[in-house]
>>> print(open('target25.pdb').read())   # PDB, C-alpha atoms and all ligand atoms
ATOM      1  CA  MET A  12       0.000   0.000   0.000
ATOM      2  CA  LEU A  13       1.246   3.443  -0.859
ATOM      3  CA  ASN A  14       2.736   5.108   2.191
ATOM      4  CA  LEU A  15       1.411   8.559   1.421
ATOM      5  CA  LYS A  16       3.223  11.363   3.213
ATOM      6  CA  ALA A  17       2.642  14.297   0.857
ATOM      7  CA  CYS A  18       0.595  15.524  -2.094
ATOM      8  CA  ILE A  19       2.046  17.974  -4.598
ATOM      9  CA  PHE A  20      -0.336  20.139  -6.587
ATOM     10  CA  ASP A  21       0.278  21.800  -9.897
ATOM     11  CA  LEU A  22      -1.293  25.275  -9.890
ATOM     12  CA  ASP A  23      -2.646  26.368 -13.274
ATOM     13  CA  GLY A  24      -5.392  23.982 -14.342
ATOM     14  CA  VAL A  25      -5.526  21.999 -11.086
ATOM     15  CA  ILE A  26      -6.096  24.501  -8.275
ATOM     16  CA  VAL A  27      -7.342  27.397 -10.395
ATOM     17  CA  ASP A  28      -8.354  27.924 -14.000
ATOM     18  CA  THR A  29      -5.676  30.481 -14.852
ATOM     19  CA  ALA A  30      -4.755  28.329 -17.886
ATOM     20  CA  ARG A  31      -7.378  30.306 -19.841
ATOM     21  CA  HIS A  32      -5.565  33.556 -18.979
ATOM     22  CA  HIS A  33      -2.227  32.104 -20.153
ATOM     23  CA  PHE A  34      -3.966  31.072 -23.381
ATOM     24  CA  ALA A  35      -5.563  34.484 -23.965
ATOM     25  CA  ALA A  36      -2.266  36.285 -23.303
ATOM     26  CA  TRP A  37      -0.204  34.015 -25.594
ATOM     27  CA  LYS A  38      -2.923  34.233 -28.264
ATOM     28  CA  GLU A  39      -2.803  38.036 -28.243
ATOM     29  CA  LEU A  40       0.981  38.003 -28.510
ATOM     30  CA  ALA A  41       0.951  35.362 -31.261
ATOM     31  CA  ASP A  42      -1.667  37.387 -33.195
ATOM     32  CA  GLU A  43       0.602  40.435 -32.986
ATOM     33  CA  LEU A  44       3.470  38.334 -34.358
ATOM     34  CA  GLY A  45       1.250  36.891 -37.113
ATOM     35  CA  VAL A  46       1.667  33.319 -35.808
ATOM     36  CA  PRO A  47      -1.438  31.074 -35.735
ATOM     37  CA  PHE A  48      -2.096  29.889 -32.169
ATOM     38  CA  THR A  49      -4.827  27.394 -31.308
ATOM     39  CA  GLU A  50      -6.225  25.699 -28.189
ATOM     40  CA  ASN A  51      -4.217  22.674 -29.286
ATOM     41  CA  ASP A  52      -1.001  24.724 -29.210
ATOM     42  CA  ASN A  53      -2.005  25.953 -25.774
ATOM     43  CA  ASP A  54      -2.499  22.395 -24.503
ATOM     44  CA  ARG A  55       1.078  21.646 -25.489
ATOM     45  CA  LEU A  56       2.271  24.698 -23.563
ATOM     46  CA  LYS A  57       0.541  23.820 -20.289
ATOM     47  CA  GLY A  58       3.180  23.471 -17.589
ATOM     48  CA  VAL A  59       5.859  24.780 -19.972
ATOM     49  CA  SER A  60       7.915  27.778 -18.811
ATOM     50  CA  ARG A  61       7.437  31.281 -20.205
ATOM     51  CA  VAL A  62      10.684  31.225 -22.178
ATOM     52  CA  ASP A  63      10.066  27.762 -23.654
ATOM     53  CA  SER A  64       6.500  28.778 -24.549
ATOM     54  CA  LEU A  65       7.772  31.828 -26.448
ATOM     55  CA  GLU A  66      10.359  29.677 -28.244
ATOM     56  CA  TYR A  67       7.555  27.307 -29.303
ATOM     57  CA  ILE A  68       5.546  30.180 -30.828
ATOM     58  CA  LEU A  69       8.591  31.662 -32.575
ATOM     59  CA  GLN A  70       9.478  28.263 -34.012
ATOM     60  CA  LYS A  71       5.914  27.772 -35.205
ATOM     61  CA  GLY A  72       6.108  31.115 -37.029
ATOM     62  CA  ASN A  73       9.664  30.509 -38.316
ATOM     63  CA  LEU A  74      10.719  33.692 -36.534
ATOM     64  CA  ILE A  75      14.251  34.321 -35.338
ATOM     65  CA  LEU A  76      14.497  37.219 -32.889
ATOM     66  CA  ASP A  77      17.322  38.682 -30.794
ATOM     67  CA  SER A  78      17.312  38.120 -27.051
ATOM     68  CA  ALA A  79      16.364  41.735 -26.188
ATOM     69  CA  THR A  80      13.210  41.385 -28.299
ATOM     70  CA  LYS A  81      12.413  38.023 -26.683
ATOM     71  CA  ILE A  82      12.719  39.563 -23.221
ATOM     72  CA  ARG A  83      10.396  42.395 -24.275
ATOM     73  CA  LEU A  84       7.848  39.923 -25.662
ATOM     74  CA  MET A  85       7.908  37.827 -22.468
ATOM     75  CA  ALA A  86       7.378  40.966 -20.388
ATOM     76  CA  ARG A  87       4.455  41.904 -22.628
ATOM     77  CA  LYS A  88       2.893  38.427 -22.324
ATOM     78  CA  ASN A  89       3.267  38.575 -18.561
ATOM     79  CA  ALA A  90       1.680  42.034 -18.384
ATOM     80  CA  LEU A  91      -1.284  40.735 -20.408
ATOM     81  CA  TYR A  92      -1.538  37.691 -18.109
ATOM     82  CA  LEU A  93      -1.337  39.759 -14.917
ATOM     83  CA  ASN A  94      -4.052  42.031 -16.194
ATOM     84  CA  LEU A  95      -6.347  39.048 -16.863
ATOM     85  CA  ALA A  96      -5.509  37.366 -13.526
ATOM     86  CA  GLU A  97      -5.912  40.615 -11.548
ATOM     87  CA  GLY A  98      -9.421  39.823 -10.283
ATOM     88  CA  THR A  99      -8.547  36.289  -9.088
ATOM     89  CA  SER A 100      -9.967  35.661  -5.610
ATOM     90  CA  SER A 101     -10.763  32.839  -3.193
ATOM     91  CA  ASN A 102     -13.954  32.265  -5.235
ATOM     92  CA  ASP A 103     -11.770  30.931  -8.052
ATOM     93  CA  VAL A 104     -10.355  27.918  -6.192
ATOM     94  CA  LEU A 105     -11.573  24.993  -8.303
ATOM     95  CA  ALA A 106     -14.290  22.750  -6.864
ATOM     96  CA  GLY A 107     -13.003  19.838  -4.801
ATOM     97  CA  ILE A 108      -9.637  21.360  -3.848
ATOM     98  CA  LEU A 109     -10.526  22.657  -0.385
ATOM     99  CA  PRO A 110     -12.185  19.421   0.845
ATOM    100  CA  LEU A 111      -9.222  17.403  -0.468
ATOM    101  CA  MET A 112      -6.769  19.717   1.308
ATOM    102  CA  ASP A 113      -8.824  19.456   4.506
ATOM    103  CA  GLU A 114      -8.699  15.657   4.280
ATOM    104  CA  MET A 115      -4.933  15.740   3.688
ATOM    105  CA  ALA A 116      -4.323  18.019   6.660
ATOM    106  CA  ALA A 117      -6.534  15.820   8.865
ATOM    107  CA  SER A 118      -4.563  12.721   7.746
ATOM    108  CA  ASN A 119      -1.158  14.351   8.363
ATOM    109  CA  VAL A 120      -0.400  14.340   4.642
ATOM    110  CA  GLN A 121       1.756  17.360   3.779
ATOM    111  CA  ILE A 122       0.746  19.657   0.939
ATOM    112  CA  GLY A 123       3.217  21.011  -1.612
ATOM    113  CA  LEU A 124       3.046  23.139  -4.749
ATOM    114  CA  GLY A 125       4.985  22.266  -7.905
ATOM    115  CA  SER A 126       4.259  24.932 -10.508
ATOM    116  CA  SER A 127       6.232  26.206 -13.498
ATOM    117  CA  SER A 128       4.758  29.665 -13.019
ATOM    118  CA  LYS A 129       6.785  32.585 -11.689
ATOM    119  CA  ASN A 130       3.447  34.113 -10.655
ATOM    120  CA  ALA A 131       2.449  31.152  -8.469
ATOM    121  CA  ARG A 132       2.902  32.808  -5.058
ATOM    122  CA  MET A 133       0.949  35.856  -6.107
ATOM    123  CA  ILE A 134      -1.924  33.676  -7.363
ATOM    124  CA  LEU A 135      -1.900  31.541  -4.181
ATOM    125  CA  ASP A 136      -2.123  34.750  -2.131
ATOM    126  CA  LYS A 137      -5.091  35.947  -4.177
ATOM    127  CA  LEU A 138      -6.754  32.542  -3.659
ATOM    128  CA  ASN A 139      -6.027  32.820   0.075
ATOM    129  CA  LEU A 140      -4.352  29.388   0.031
ATOM    130  CA  THR A 141      -0.701  30.163   0.819
ATOM    131  CA  SER A 142      -0.860  29.135   4.466
ATOM    132  CA  ARG A 143      -2.138  25.657   3.563
ATOM    133  CA  PHE A 144       1.175  24.696   1.905
ATOM    134  CA  ASN A 145       4.108  23.018   3.649
ATOM    135  CA  ALA A 146       6.334  23.748   0.627
ATOM    136  CA  ILE A 147       6.011  25.986  -2.423
ATOM    137  CA  VAL A 148       8.284  25.421  -5.423
ATOM    138  CA  ASP A 149       7.604  27.489  -8.525
ATOM    139  CA  GLY A 150       9.159  28.854 -11.710
ATOM    140  CA  ASN A 151      11.499  31.062  -9.682
ATOM    141  CA  ASN A 152      13.126  28.059  -7.977
ATOM    142  CA  ILE A 153      13.892  25.798 -10.914
ATOM    143  CA  THR A 154      16.301  25.734 -13.814
ATOM    144  CA  LEU A 155      14.571  22.988 -15.816
ATOM    145  CA  SER A 156      10.919  23.221 -16.723
ATOM    146  CA  LYS A 157       8.439  20.293 -16.869
ATOM    147  CA  PRO A 158       8.749  17.580 -18.308
ATOM    148  CA  ASP A 159      11.919  17.625 -16.206
ATOM    149  CA  PRO A 160      10.987  16.454 -12.671
ATOM    150  CA  GLU A 161      13.036  19.193 -10.920
ATOM    151  CA  VAL A 162      10.018  21.137  -9.608
ATOM    152  CA  PHE A 163       8.472  18.047  -7.973
ATOM    153  CA  LEU A 164      11.786  16.696  -6.671
ATOM    154  CA  LYS A 165      12.490  20.056  -5.001
ATOM    155  CA  ALA A 166       9.016  20.110  -3.432
ATOM    156  CA  ALA A 167       9.461  16.545  -2.101
ATOM    157  CA  TYR A 168      12.924  17.428  -0.773
ATOM    158  CA  ALA A 169      11.533  20.532   0.971
ATOM    159  CA  MET A 170       8.950  18.353   2.744
ATOM    160  CA  ASN A 171      11.561  15.721   3.635
ATOM    161  CA  VAL A 172       9.748  12.919   1.788
ATOM    162  CA  THR A 173      10.768  10.654  -1.096
ATOM    163  CA  PRO A 174       9.007  10.709  -4.499
ATOM    164  CA  GLY A 175       7.565   7.253  -3.735
ATOM    165  CA  GLU A 176       5.768   8.746  -0.735
ATOM    166  CA  CYS A 177       4.130  11.530  -2.796
ATOM    167  CA  LEU A 178       1.115  11.864  -5.026
ATOM    168  CA  VAL A 179       1.215  14.584  -7.719
ATOM    169  CA  PHE A 180      -1.912  16.233  -9.185
ATOM    170  CA  GLU A 181      -1.366  17.485 -12.752
ATOM    171  CA  ASP A 182      -3.432  18.749 -15.699
ATOM    172  CA  ALA A 183      -0.626  18.903 -18.270
ATOM    173  CA  GLN A 184       1.063  16.268 -20.384
ATOM    174  CA  SER A 185       4.447  17.797 -19.531
ATOM    175  CA  GLY A 186       3.592  17.664 -15.817
ATOM    176  CA  VAL A 187       2.459  14.026 -15.883
ATOM    177  CA  GLU A 188       5.702  13.125 -17.686
ATOM    178  CA  ALA A 189       7.699  15.104 -15.121
ATOM    179  CA  ALA A 190       6.042  13.314 -12.202
ATOM    180  CA  LEU A 191       6.485   9.862 -13.752
ATOM    181  CA  SER A 192      10.139  10.420 -14.583
ATOM    182  CA  GLY A 193      10.745  11.607 -10.998
ATOM    183  CA  GLY A 194       9.253   8.388  -9.599
ATOM    184  CA  PHE A 195       6.035   9.940  -8.246
ATOM    185  CA  MET A 196       2.498   8.562  -8.288
ATOM    186  CA  VAL A 197       0.409  10.898 -10.416
ATOM    187  CA  VAL A 198      -3.252  11.764 -10.769
ATOM    188  CA  GLY A 199      -4.154  13.386 -14.094
ATOM    189  CA  VAL A 200      -6.883  16.040 -14.099
ATOM    190  CA  GLY A 201      -8.542  16.411 -17.511
ATOM    191  CA  ASP A 202      -8.292  14.729 -20.916
ATOM    192  CA  GLY A 203      -5.405  13.068 -22.714
ATOM    193  CA  LEU A 204      -3.426  12.107 -19.614
ATOM    194  CA  GLU A 205      -3.665   8.326 -19.945
ATOM    195  CA  ALA A 206      -0.061   7.905 -18.791
ATOM    196  CA  ALA A 207      -1.079   8.981 -15.255
ATOM    197  CA  HIS A 208      -1.835   6.299 -12.635
ATOM    198  CA  ALA A 209      -5.426   7.579 -12.383
ATOM    199  CA  THR A 210      -7.319  10.319 -14.229
ATOM    200  CA  TYR A 211     -10.392  12.373 -13.402
ATOM    201  CA  ALA A 212     -12.304  14.969 -15.399
ATOM    202  CA  SER A 213     -12.352  17.126 -12.260
ATOM    203  CA  LEU A 214     -11.395  16.771  -8.600
ATOM    204  CA  ASN A 215     -14.873  17.848  -7.550
ATOM    205  CA  GLY A 216     -16.342  15.397  -5.022
ATOM    206  CA  LEU A 217     -13.200  13.251  -4.844
ATOM    207  CA  THR A 218     -11.704  11.990  -1.618
ATOM    208  CA  LEU A 219      -8.195  10.694  -0.956
ATOM    209  CA  LYS A 220      -9.838   7.416  -0.009
ATOM    210  CA  ALA A 221     -11.520   7.134  -3.431
ATOM    211  CA  ILE A 222      -8.263   8.025  -5.198
ATOM    212  CA  PHE A 223      -6.427   5.321  -3.233
ATOM    213  CA  LYS A 224      -9.007   2.770  -4.298
ATOM    214  CA  GLN A 225      -8.445   3.731  -7.917
ATOM    215  CA  LEU A 226      -4.662   3.610  -7.502
ATOM    216  CA  ALA A 227      -4.624   0.271  -5.701
ATOM    217  CA  PRO A 228      -3.964  -1.895  -8.787
ATOM    218  CA  SER A 229      -0.898   0.186  -9.740
ATOM    219  CA  ILE A 230       0.781   0.203  -6.302
TER
HETATM  220  P1  LIG B   1       4.549  32.207 -15.879
HETATM  221  P2  LIG B   1       1.696  25.297 -13.897
HETATM  222  C1  LIG B   1       2.504  26.935 -15.857
HETATM  223  O1  LIG B   1       1.962  26.736 -14.576
HETATM  224  C2  LIG B   1       1.397  27.162 -16.873
HETATM  225  O2  LIG B   1       0.659  25.959 -17.055
HETATM  226  C3  LIG B   1       1.985  27.554 -18.208
HETATM  227  O3  LIG B   1       0.942  27.853 -19.123
HETATM  228  C4  LIG B   1       2.858  28.802 -18.016
HETATM  229  O4  LIG B   1       3.489  29.164 -19.257
HETATM  230  C5  LIG B   1       3.942  28.499 -16.975
HETATM  231  O5  LIG B   1       3.316  28.116 -15.759
HETATM  232  C6  LIG B   1       4.822  29.697 -16.713
HETATM  233  O6  LIG B   1       4.041  30.708 -16.137
HETATM  234  O7  LIG B   1       4.653  32.888 -17.199
HETATM  235  O8  LIG B   1       3.461  32.758 -14.987
HETATM  236  O9  LIG B   1       5.873  32.111 -15.166
HETATM  237  O10 LIG B   1       0.643  24.633 -14.721
HETATM  238  O11 LIG B   1       3.016  24.561 -13.892
HETATM  239  O12 LIG B   1       1.218  25.662 -12.516
HETATM  240 MG    MG B   2      -0.985  23.056 -14.962
END
>>> encode(input="target25.pdb", output="structure tokens", more="lines below")
Ligand code: B16
Ligand code: MG
Amino acid sequence: MLNLKACIFDLDGVIVDTARHHFAAWKELADELGVPFTENDNDRLKGVSRVDSLEYILQKGNLILDSATKIRLMARKNALYLNLAEGTSSNDVLAGILPLMDEMAASNVQIGLGSSSKNARMILDKLNLTSRFNAIVDGNNITLSKPDPEVFLKAAYAMNVTPGECLVFEDAQSGVEAALSGGFMVVGVGDGLEAAHATYASLNGLTLKAIFKQLAPSI
């Protein structure tokens, strides 16, 4: 039986639906650059760092730009994103997250964050969730973006647990890959995440107990 000591949550797309703001901001930037950008492109960019996301768009448009221009474009994308995320509040915590976190706290399971976003702390503050976390690792603390497992390994290390004692919650292909390659159990939230140990359309109404039941055959 899995000896669960910690759960690590991705942020965008798992705890809060800021993924739509990332999409809208990248879409506006891509439109300005004359590069077609679809929901499908956005799915591939979920969990991917700001710089790697820009490189993806530039490559798609066959654009080669100098680094000063790239820095300006990333700042512009972030300004667009911040503007869209400005009104985020505790009402935006996705359904199912708070009861799951309550159950974890009551079962002495630590709670960590493993997000690629450099805006993660600001968003957690707006959601009024910061104090619930035992460890927060985000885009400011890592050198390698998902699908590299660095963000989850650092979160596990900060909570003094091994990957085998952690369950990761992810909505992105890159994040599921990152968790698997780090040796974590992973729950996928949303479509197209068949590689995860268990997947759910949403975490609404789920309990740790129910997740364990689902995971049982794989552990
Ligand atoms: P920022 P996550 C990721 O967050 C987003 O999914 C991805 O769309 C975004 O490009 C990345 O953070 C970087 O975000 O520009 O705010 O630093 O899903 O890993 O919580
Ligand atoms: Mg995500």
>>> resolve_selection(input="target25.pdb", expression="the PyMOL selection byres (((not hetatm)) within 7 of (chain B and resi 2))", output="list in words")
Asp21, Leu22, Asp23, Gly24, Val25, Lys57, Gly58, Glu181, Asp182 and Ala183 of chain A
>>> resolve_selection(input="target25.pdb", expression="the PyMOL selection byres (((chain A and resi 101) around 10) and not hetatm)", output="JSON, numbers by chain")
{"A": [27, 99, 100, 102, 103, 104, 105, 134, 135, 136, 137, 138, 139, 140]}
>>> residues_around(input="target25.pdb", residues="A:Arg143", least_positions_apart="5", cutoff="9 Å", atoms="only C-alpha atoms", output="PyMOL selection string")
chain A and resi 112+116+122-123
>>> resolve_selection(input="target25.pdb", expression="the PyMOL selection byres (((chain A and resi 115) around 12) and not hetatm)", output="list in words")
Leu15, Lys16, Ala17, Cys18, Ile19, Ile108, Leu109, Pro110, Leu111, Met112, Asp113, Glu114, Ala116, Ala117, Ser118, Asn119, Val120, Gln121, Ile122, Gly123, Arg143, Phe144, Asn145, Cys177, Leu178, Thr218, Leu219 and Lys220 of chain A
>>> axis_aligned_box(input="target25.pdb", around="ligand LIG 1 (chain B)", padding_each_side="5 Å", output="AutoDock Vina command-line options")
--center_x 3.3 --center_y 28.7 --center_z -15.9 --size_x 15.2 --size_y 18.3 --size_z 16.7
